[in-house]
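So this one's protein39.tsv, TSV, C-alpha atoms:
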```tsv
chain	number	residue	atom	x	y	z
A	1	MET	CA	-38.78	-10.20	63.42
A	2	ARG	CA	-39.97	-13.81	63.68
A	3	GLN	CA	-42.52	-13.23	60.89
A	4	ALA	CA	-39.78	-11.87	58.60
A	5	THR	CA	-37.52	-14.85	59.41
A	6	VAL	CA	-40.29	-17.33	58.57
A	7	ALA	CA	-41.07	-15.41	55.37
A	8	PHE	CA	-37.40	-15.53	54.34
A	9	PHE	CA	-37.20	-19.27	55.02
A	10	LEU	CA	-40.30	-19.92	52.91
A	11	LEU	CA	-38.98	-17.73	50.10
A	12	VAL	CA	-35.65	-19.55	49.91
A	13	ALA	CA	-36.38	-23.08	51.10
A	14	GLY	CA	-39.87	-23.34	49.71
A	15	PRO	CA	-42.90	-25.19	50.97
A	16	ALA	CA	-42.48	-28.40	52.94
A	17	SER	CA	-45.22	-30.37	51.19
A	18	ALA	CA	-46.97	-30.66	47.83
A	19	ALA	CA	-50.13	-29.14	49.38
A	20	GLU	CA	-48.18	-26.04	50.38
A	21	ASN	CA	-46.60	-25.89	46.91
A	22	ALA	CA	-50.00	-25.04	45.39
A	23	SER	CA	-50.16	-21.91	47.55
A	24	GLU	CA	-46.50	-20.93	47.07
A	25	HIS	CA	-45.80	-17.29	47.90
A	26	PRO	CA	-45.56	-15.26	44.68
A	27	TYR	CA	-42.36	-13.54	45.84
A	28	ARG	CA	-40.47	-16.85	46.03
A	29	SER	CA	-39.90	-17.15	42.28
A	30	ALA	CA	-39.43	-13.37	41.95
A	31	TYR	CA	-36.77	-13.47	44.70
A	32	LYS	CA	-34.85	-16.23	42.95
A	33	LYS	CA	-35.10	-14.63	39.51
A	34	GLU	CA	-34.22	-11.11	40.67
A	35	THR	CA	-31.43	-12.28	42.98
A	36	PHE	CA	-29.68	-14.93	40.91
A	37	GLY	CA	-30.93	-14.34	37.35
A	38	PRO	CA	-28.98	-12.99	34.39
A	39	LYS	CA	-29.99	-9.36	35.09
A	40	ALA	CA	-28.40	-9.57	38.55
A	41	ILE	CA	-25.10	-10.72	37.09
A	42	VAL	CA	-25.17	-8.05	34.36
A	43	ARG	CA	-25.94	-5.37	36.99
A	44	SER	CA	-23.05	-6.55	39.17
A	45	ALA	CA	-20.66	-6.54	36.22
A	46	GLY	CA	-21.89	-3.08	35.16
A	47	GLY	CA	-21.27	-1.72	38.63
A	48	ALA	CA	-17.83	-3.33	38.62
A	49	VAL	CA	-16.99	-1.66	35.30
A	50	PHE	CA	-17.97	1.72	36.79
A	51	GLY	CA	-15.87	0.96	39.89
A	52	GLN	CA	-12.96	-0.09	37.68
A	53	ILE	CA	-13.13	3.15	35.67
A	54	THR	CA	-13.33	5.30	38.81
A	55	ASN	CA	-10.92	2.98	40.68
A	56	HIS	CA	-13.27	2.75	43.66
A	57	PRO	CA	-12.30	1.48	46.14
A	58	LYS	CA	-8.74	2.34	45.18
A	59	GLU	CA	-7.32	-0.31	47.54
A	60	TRP	CA	-8.54	-3.01	45.13
A	61	GLY	CA	-6.56	-1.63	42.20
A	62	ARG	CA	-7.42	-1.60	38.51
A	63	GLY	CA	-6.22	-5.03	37.45
A	64	PRO	CA	-8.21	-8.24	36.92
A	65	ALA	CA	-8.09	-9.05	40.65
A	66	GLY	CA	-9.62	-5.66	41.49
A	67	PHE	CA	-12.33	-6.16	38.88
A	68	GLY	CA	-13.12	-9.60	40.32
A	69	LYS	CA	-13.42	-8.12	43.82
A	70	ARG	CA	-15.77	-5.44	42.51
A	71	VAL	CA	-18.00	-7.97	40.73
A	72	ALA	CA	-18.10	-10.22	43.80
A	73	SER	CA	-18.80	-7.28	46.11
A	74	GLY	CA	-21.58	-5.94	43.91
A	75	PHE	CA	-23.21	-9.34	43.58
A	76	ALA	CA	-22.93	-10.08	47.32
A	77	THR	CA	-24.42	-6.68	48.16
A	78	HIS	CA	-27.29	-7.39	45.75
A	79	VAL	CA	-27.95	-10.79	47.36
A	80	VAL	CA	-27.98	-9.24	50.83
A	81	LYS	CA	-30.34	-6.45	49.67
A	82	ASN	CA	-32.85	-8.87	48.17
A	83	SER	CA	-32.54	-11.27	51.11
A	84	ILE	CA	-33.69	-8.45	53.38
A	85	GLU	CA	-36.13	-6.71	51.02
A	86	TYR	CA	-38.24	-9.67	49.86
A	87	PRO	CA	-39.02	-11.27	53.25
A	88	ILE	CA	-39.90	-7.94	54.83
A	89	ALA	CA	-42.08	-6.99	51.87
A	90	ALA	CA	-43.74	-10.44	51.98
A	91	ALA	CA	-44.39	-10.23	55.72
A	92	ARG	CA	-45.83	-6.70	55.38
A	93	HIS	CA	-47.76	-7.49	52.16
A	94	GLU	CA	-45.92	-4.82	50.17
A	95	ASP	CA	-46.10	-4.72	46.39
A	96	LEU	CA	-42.53	-4.63	45.04
A	97	LEU	CA	-43.47	-3.98	41.43
A	98	TYR	CA	-43.47	-0.54	39.84
A	99	HIS	CA	-46.85	0.39	38.40
A	100	PRO	CA	-46.73	3.32	35.94
A	101	SER	CA	-49.02	6.22	36.77
A	102	ASN	CA	-52.03	7.38	34.84
A	103	LYS	CA	-51.02	10.99	35.47
A	104	HIS	CA	-50.49	13.57	32.74
A	105	GLY	CA	-47.65	16.05	32.47
A	106	PHE	CA	-43.95	15.75	33.21
A	107	GLY	CA	-44.01	17.07	36.81
A	108	PRO	CA	-46.79	14.86	38.21
A	109	ARG	CA	-45.37	11.75	36.51
A	110	LEU	CA	-41.85	12.49	37.78
A	111	GLN	CA	-43.14	13.05	41.32
A	112	TYR	CA	-45.08	9.78	41.20
A	113	ALA	CA	-42.01	7.85	40.01
A	114	LEU	CA	-39.75	9.31	42.70
A	115	VAL	CA	-42.25	8.86	45.54
A	116	SER	CA	-42.82	5.26	44.42
A	117	THR	CA	-39.26	4.53	45.53
A	118	VAL	CA	-40.23	4.81	49.19
A	119	VAL	CA	-44.03	4.41	49.07
A	120	THR	CA	-45.80	1.32	47.79
A	121	ARG	CA	-49.20	-0.31	48.08
A	122	LYS	CA	-50.38	-3.17	50.25
A	123	THR	CA	-51.12	-6.31	48.26
A	124	THR	CA	-54.02	-7.05	50.59
A	125	THR	CA	-55.85	-3.70	50.63
A	126	GLY	CA	-54.29	-1.58	47.88
A	127	LYS	CA	-53.68	1.23	50.39
A	128	LYS	CA	-50.43	3.19	50.34
A	129	THR	CA	-47.72	2.24	52.83
A	130	VAL	CA	-44.04	2.93	53.44
A	131	ALA	CA	-41.89	0.62	51.29
A	132	SER	CA	-40.15	-0.75	54.38
A	133	GLY	CA	-38.84	-3.83	52.57
A	134	ARG	CA	-37.11	-1.73	49.91
A	135	ILE	CA	-35.76	0.79	52.43
A	136	SER	CA	-34.58	-1.93	54.85
A	137	GLY	CA	-32.91	-3.84	52.01
A	138	ALA	CA	-31.01	-0.75	50.87
A	139	ILE	CA	-29.86	0.24	54.36
A	140	GLY	CA	-29.12	-3.32	55.47
A	141	SER	CA	-27.06	-4.16	52.39
A	142	GLY	CA	-25.22	-0.86	52.63
A	143	MET	CA	-24.22	-1.57	56.22
A	144	ILE	CA	-23.51	-5.30	55.86
A	145	SER	CA	-21.41	-4.78	52.73
A	146	ARG	CA	-18.97	-2.72	54.80
A	147	ALA	CA	-17.73	-6.04	56.26
A	148	TRP	CA	-15.81	-6.96	53.08
A	149	GLN	CA	-14.85	-3.45	52.00
A	150	PRO	CA	-11.33	-2.06	52.54
A	151	ALA	CA	-10.71	-0.47	55.94
A	152	ALA	CA	-11.25	3.08	54.66
A	153	ALA	CA	-14.78	2.18	53.51
A	154	ARG	CA	-15.85	0.44	56.74
A	155	THR	CA	-17.75	3.37	58.18
A	156	VAL	CA	-21.37	3.96	59.04
A	157	GLY	CA	-21.35	6.97	56.73
A	158	ALA	CA	-20.15	4.82	53.82
A	159	GLY	CA	-22.92	2.32	54.60
A	160	PHE	CA	-25.57	5.04	54.48
A	161	ALA	CA	-24.01	6.45	51.30
A	162	SER	CA	-24.30	3.00	49.72
A	163	ALA	CA	-27.96	2.81	50.83
A	164	GLY	CA	-28.59	6.22	49.27
A	165	ILE	CA	-27.02	5.11	45.99
A	166	THR	CA	-29.18	1.97	46.01
A	167	LEU	CA	-32.38	3.97	46.57
A	168	GLY	CA	-31.25	6.54	44.01
A	169	ALA	CA	-30.73	3.79	41.43
A	170	GLN	CA	-34.23	2.47	42.21
A	171	ALA	CA	-35.64	5.98	41.76
A	172	GLY	CA	-33.84	6.23	38.42
A	173	ALA	CA	-35.26	2.88	37.32
A	174	ASN	CA	-38.76	4.06	38.32
A	175	VAL	CA	-38.36	7.25	36.29
A	176	ALA	CA	-37.16	5.24	33.28
A	177	GLN	CA	-40.15	2.91	33.58
A	178	GLU	CA	-42.54	5.83	33.95
A	179	PHE	CA	-41.34	7.63	30.85
A	180	TRP	CA	-40.47	4.65	28.65
A	181	PRO	CA	-42.91	4.61	25.74
A	182	ARG	CA	-45.88	2.31	26.43
A	183	HIS	CA	-47.54	0.40	23.68
A	184	LYS	CA	-51.26	-0.07	23.97
A	185	LYS	CA	-52.46	-3.60	23.27
```
Could you take the file, read its structure, and then write that structure out as structure tokens?
Amino acid sequence: MRQATVAFFLLVAGPASAAENASEHPYRSAYKKETFGPKAIVRSAGGAVFGQITNHPKEWGRGPAGFGKRVASGFATHVVKNSIEYPIAAARHEDLLYHPSNKHGFGPRLQYALVSTVVTRKTTTGKKTVASGRISGAIGSGMISRAWQPAAARTVGAGFASAGITLGAQAGANVAQEFWPRHKK
């Protein structure tokens, strides 16, 4: 736990001296970009539009105030997810990037993309390992986000459902990346 806390501090606060700046952790800039960049805001707004259409949670209503709550909730959940995922992945030397397979055929490529949601490689050895940063981020954000949800959504089951949706969205993104046409350079 202490190692993950130190890793989080270094990711967010940065190095204390110019000498440390030269060996800045590569996830620091990725954390900032992925957490607070334009894609994060677009994703949060997209999720809010879906929530607005389905009126979920219904306690927030369909008006502008409900939409604002959905955007804020989606963005806060995203920040919590990344604030758990990146330090754990950094401490465990997990590669957070998706690397397309060299497999042939629909089935093997689909399997690779789906498994890559919960299995990654070590940045130090290249060996396969459980993607504990990604899994912890999904579960942690699903549970923590219950704190600002309406009373009906403040259940452990709803937290796990949210984690499942997060991992499912990651699996979908992996599949899209796997099958998106690649251009050879």
### Message
Measuring between only C-alpha atoms, which one of A:Ser162, A:Thr125, A:Asn55, A:Thr117 shows the shortest distance to Met143 (chain A)?
### Response
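Checking each candidate against Met143 (chain A), we get A:Ser162 as the closest.
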### Query
Pick from A:Gln111, A:Ser44, A:Ser83, A:Ser29: nearest to Val175 (chain A), with only C-alpha atoms counted?
A:Gln111
### Query
With all atoms listed in the file as the atoms that count, which of A:Val49, A:His25, A:Ala171, A:Lys69 lies nearest to Tyr112 (chain A)?
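The shortest atom-to-atom distance to Tyr112 (chain A) comes from A:Ala171.
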#### Entry: Which residue of A:Ile53, A:Val115, A:Ala151, A:Ile135 approaches Tyr98 (chain A) most closely, using only C-alpha atoms
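So, comparing all the options, the nearest one is A:Val115.
Reported to one decimal place, the separation of CA of Thr166 (chain A) from CA of Gly137 (chain A) is 9.1 Å.
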Extending 5 Å beyond the listed atoms of region 156-174 of chain A on each side, what axis-aligned box results? I want centre and edge lengths in Å to one decimal, as JSON.
```
{"center_x": -29.5, "center_y": 4.5, "center_z": 48.2, "size_x": 28.6, "size_y": 15.0, "size_z": 31.7}
```
#### Entry: One-decimal distance in Å that lies between CA of Phe50 (chain A) and CA of Phe36 (chain A)
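Distance reported for this atom pair: 20.8 Å.
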### Query
Just how far from CA of Ala163 (chain A) is CA of Ala45 (chain A), in Å to one decimal?
18.8 Å
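Summary of the local environment: counting all atoms listed in the file, residues at most 9 Å from region 157-159 of chain A, other than itself and those fewer than 2 positions away along its chain, are A:Ile139, A:Gly140, A:Ser141, A:Gly142, A:Met143, A:Ile144, A:Ser145, A:Arg146, A:Ala153, A:Arg154, A:Thr155, A:Ala161, A:Ser162, A:Ala163, A:Gly164.
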### Gly46 (chain A) environment, 12 Å, only C-alpha atoms, sequence neighbours closer than 5 positions dropped, as number ranges by chain
A: 39-41, 51-53, 67, 70-72, 74-75
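Distances from A:Gly133, A:Pro100, A:Pro150, A:Lys58 to Pro181 (chain A) were compared using all atoms listed in the file, and the smallest one belongs to A:Pro100.
The closest residue to Gly172 (chain A), picked from A:Ser132, A:Thr124, A:Gln149, A:Ser116 and counting all atoms listed in the file, is A:Ser116.
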Dump region 33-166 of chain A with C-alpha atoms to a file, as a short mmCIF file (atom, residue, chain, number, x, y, z; two decimals), in the first residue's frame.
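Generated file (selection21.cif):
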```
data_model
loop_
_atom_site.label_atom_id
_atom_site.label_comp_id
_atom_site.auth_asym_id
_atom_site.auth_seq_id
_atom_site.Cartn_x
_atom_site.Cartn_y
_atom_site.Cartn_z
CA LYS A 33 -3.44 13.54 -20.24
CA GLU A 34 -5.82 10.59 -19.84
CA THR A 35 -7.43 11.97 -16.67
CA PHE A 36 -7.84 15.65 -17.48
CA GLY A 37 -7.42 15.85 -21.26
CA PRO A 38 -10.07 16.59 -23.88
CA LYS A 39 -10.91 12.89 -24.41
CA ALA A 40 -11.82 12.55 -20.72
CA ILE A 41 -14.26 15.45 -20.95
CA VAL A 42 -15.79 14.13 -24.20
CA ARG A 43 -16.18 10.66 -22.62
CA SER A 44 -17.87 12.14 -19.55
CA ALA A 45 -20.24 14.19 -21.70
CA GLY A 46 -20.99 11.14 -23.88
CA GLY A 47 -21.84 9.07 -20.83
CA ALA A 48 -24.02 11.91 -19.55
CA VAL A 49 -25.92 12.03 -22.86
CA PHE A 50 -26.57 8.28 -22.59
CA GLY A 51 -27.71 8.75 -18.96
CA GLN A 52 -29.93 11.64 -20.02
CA ILE A 53 -31.58 9.56 -22.76
CA THR A 54 -32.15 6.60 -20.43
CA ASN A 55 -32.89 8.93 -17.48
CA HIS A 56 -30.45 7.08 -15.24
CA PRO A 57 -30.41 7.69 -12.36
CA LYS A 58 -34.01 8.86 -12.57
CA GLU A 59 -33.69 10.85 -9.33
CA TRP A 60 -31.56 13.41 -11.20
CA GLY A 61 -34.25 14.13 -13.77
CA ARG A 62 -33.89 15.01 -17.45
CA GLY A 63 -33.35 18.75 -17.26
CA PRO A 64 -30.11 20.75 -17.44
CA ALA A 65 -29.43 20.18 -13.72
CA GLY A 66 -29.69 16.41 -14.19
CA PHE A 67 -27.37 16.56 -17.19
CA GLY A 68 -24.85 18.58 -15.17
CA LYS A 69 -24.96 16.01 -12.36
CA ARG A 70 -24.38 13.21 -14.87
CA VAL A 71 -21.39 14.97 -16.45
CA ALA A 72 -19.88 15.73 -13.03
CA SER A 73 -20.49 12.19 -11.80
CA GLY A 74 -18.96 10.63 -14.91
CA PHE A 75 -15.91 12.87 -14.76
CA ALA A 76 -15.41 12.32 -11.02
CA THR A 77 -15.71 8.55 -11.48
CA HIS A 78 -13.12 8.73 -14.27
CA VAL A 79 -10.71 10.73 -12.08
CA VAL A 80 -11.10 8.22 -9.24
CA LYS A 81 -10.55 5.28 -11.64
CA ASN A 82 -7.34 6.72 -13.06
CA SER A 83 -6.13 7.84 -9.62
CA ILE A 84 -6.29 4.21 -8.51
CA GLU A 85 -5.27 2.53 -11.78
CA TYR A 86 -2.12 4.47 -12.65
CA PRO A 87 -0.31 4.31 -9.28
CA ILE A 88 -1.02 0.60 -8.87
CA ALA A 89 0.10 -0.11 -12.43
CA ALA A 90 3.24 2.00 -11.88
CA ALA A 91 4.08 0.25 -8.60
CA ARG A 92 3.55 -3.19 -10.19
CA HIS A 93 5.28 -2.25 -13.48
CA GLU A 94 2.17 -3.00 -15.55
CA ASP A 95 1.89 -1.85 -19.15
CA LEU A 96 -1.37 0.09 -19.52
CA LEU A 97 -1.25 0.39 -23.30
CA TYR A 98 -3.09 -1.93 -25.66
CA HIS A 99 -0.78 -3.66 -28.09
CA PRO A 100 -2.57 -5.20 -31.10
CA SER A 101 -1.93 -8.90 -31.65
CA ASN A 102 -0.09 -10.50 -34.52
CA LYS A 103 -2.68 -13.29 -34.60
CA HIS A 104 -4.69 -14.26 -37.66
CA GLY A 105 -8.39 -15.00 -37.82
CA PHE A 106 -11.36 -13.41 -36.11
CA GLY A 107 -11.59 -15.78 -33.10
CA PRO A 108 -7.96 -15.62 -31.95
CA ARG A 109 -7.83 -11.84 -32.38
CA LEU A 110 -11.11 -11.36 -30.48
CA GLN A 111 -9.91 -13.61 -27.66
CA TYR A 112 -6.63 -11.69 -27.43
CA ALA A 113 -8.46 -8.34 -27.26
CA LEU A 114 -10.87 -9.51 -24.55
CA VAL A 115 -8.19 -11.19 -22.42
CA SER A 116 -6.04 -8.06 -22.69
CA THR A 117 -8.65 -6.29 -20.57
CA VAL A 118 -7.58 -8.22 -17.47
CA VAL A 119 -4.11 -9.48 -18.45
CA THR A 120 -1.18 -7.24 -19.31
CA ARG A 121 2.58 -7.44 -19.49
CA LYS A 122 5.23 -6.32 -17.03
CA THR A 123 7.21 -3.34 -18.28
CA THR A 124 10.33 -4.78 -16.65
CA THR A 125 10.26 -8.38 -17.94
CA GLY A 126 7.59 -8.52 -20.64
CA LYS A 127 5.94 -11.46 -18.86
CA LYS A 128 2.16 -11.67 -18.58
CA THR A 129 0.53 -10.57 -15.33
CA VAL A 130 -2.93 -9.76 -14.00
CA ALA A 131 -3.87 -6.16 -14.86
CA SER A 132 -4.39 -5.34 -11.19
CA GLY A 133 -4.19 -1.59 -11.76
CA ARG A 134 -6.99 -1.66 -14.34
CA ILE A 135 -9.14 -4.05 -12.29
CA SER A 136 -8.58 -2.11 -9.04
CA GLY A 137 -9.37 1.18 -10.77
CA ALA A 138 -12.65 -0.17 -12.14
CA ILE A 139 -13.78 -1.71 -8.84
CA GLY A 140 -12.55 1.20 -6.71
CA SER A 141 -14.24 3.85 -8.85
CA GLY A 142 -17.43 1.81 -8.99
CA MET A 143 -17.57 1.60 -5.21
CA ILE A 144 -16.39 5.13 -4.42
CA SER A 145 -18.78 6.69 -6.94
CA ARG A 146 -21.69 5.31 -4.90
CA ALA A 147 -20.99 8.11 -2.38
CA TRP A 148 -22.52 10.81 -4.62
CA GLN A 149 -25.19 8.68 -6.28
CA PRO A 150 -28.86 8.85 -5.24
CA ALA A 151 -29.83 6.62 -2.31
CA ALA A 152 -31.24 3.87 -4.55
CA ALA A 153 -27.85 3.49 -6.29
CA ARG A 154 -25.75 3.37 -3.11
CA THR A 155 -25.40 -0.40 -2.99
CA VAL A 156 -22.47 -2.75 -3.26
CA GLY A 157 -24.20 -4.45 -6.18
CA ALA A 158 -24.48 -1.14 -8.04
CA GLY A 159 -20.78 -0.52 -7.38
CA PHE A 160 -19.83 -3.89 -8.86
CA ALA A 161 -22.19 -3.29 -11.79
CA SER A 162 -20.41 0.00 -12.46
CA ALA A 163 -17.04 -1.80 -12.31
CA GLY A 164 -18.33 -4.38 -14.79
CA ILE A 165 -19.47 -1.64 -17.16
CA THR A 166 -16.06 0.03 -16.90
#
```
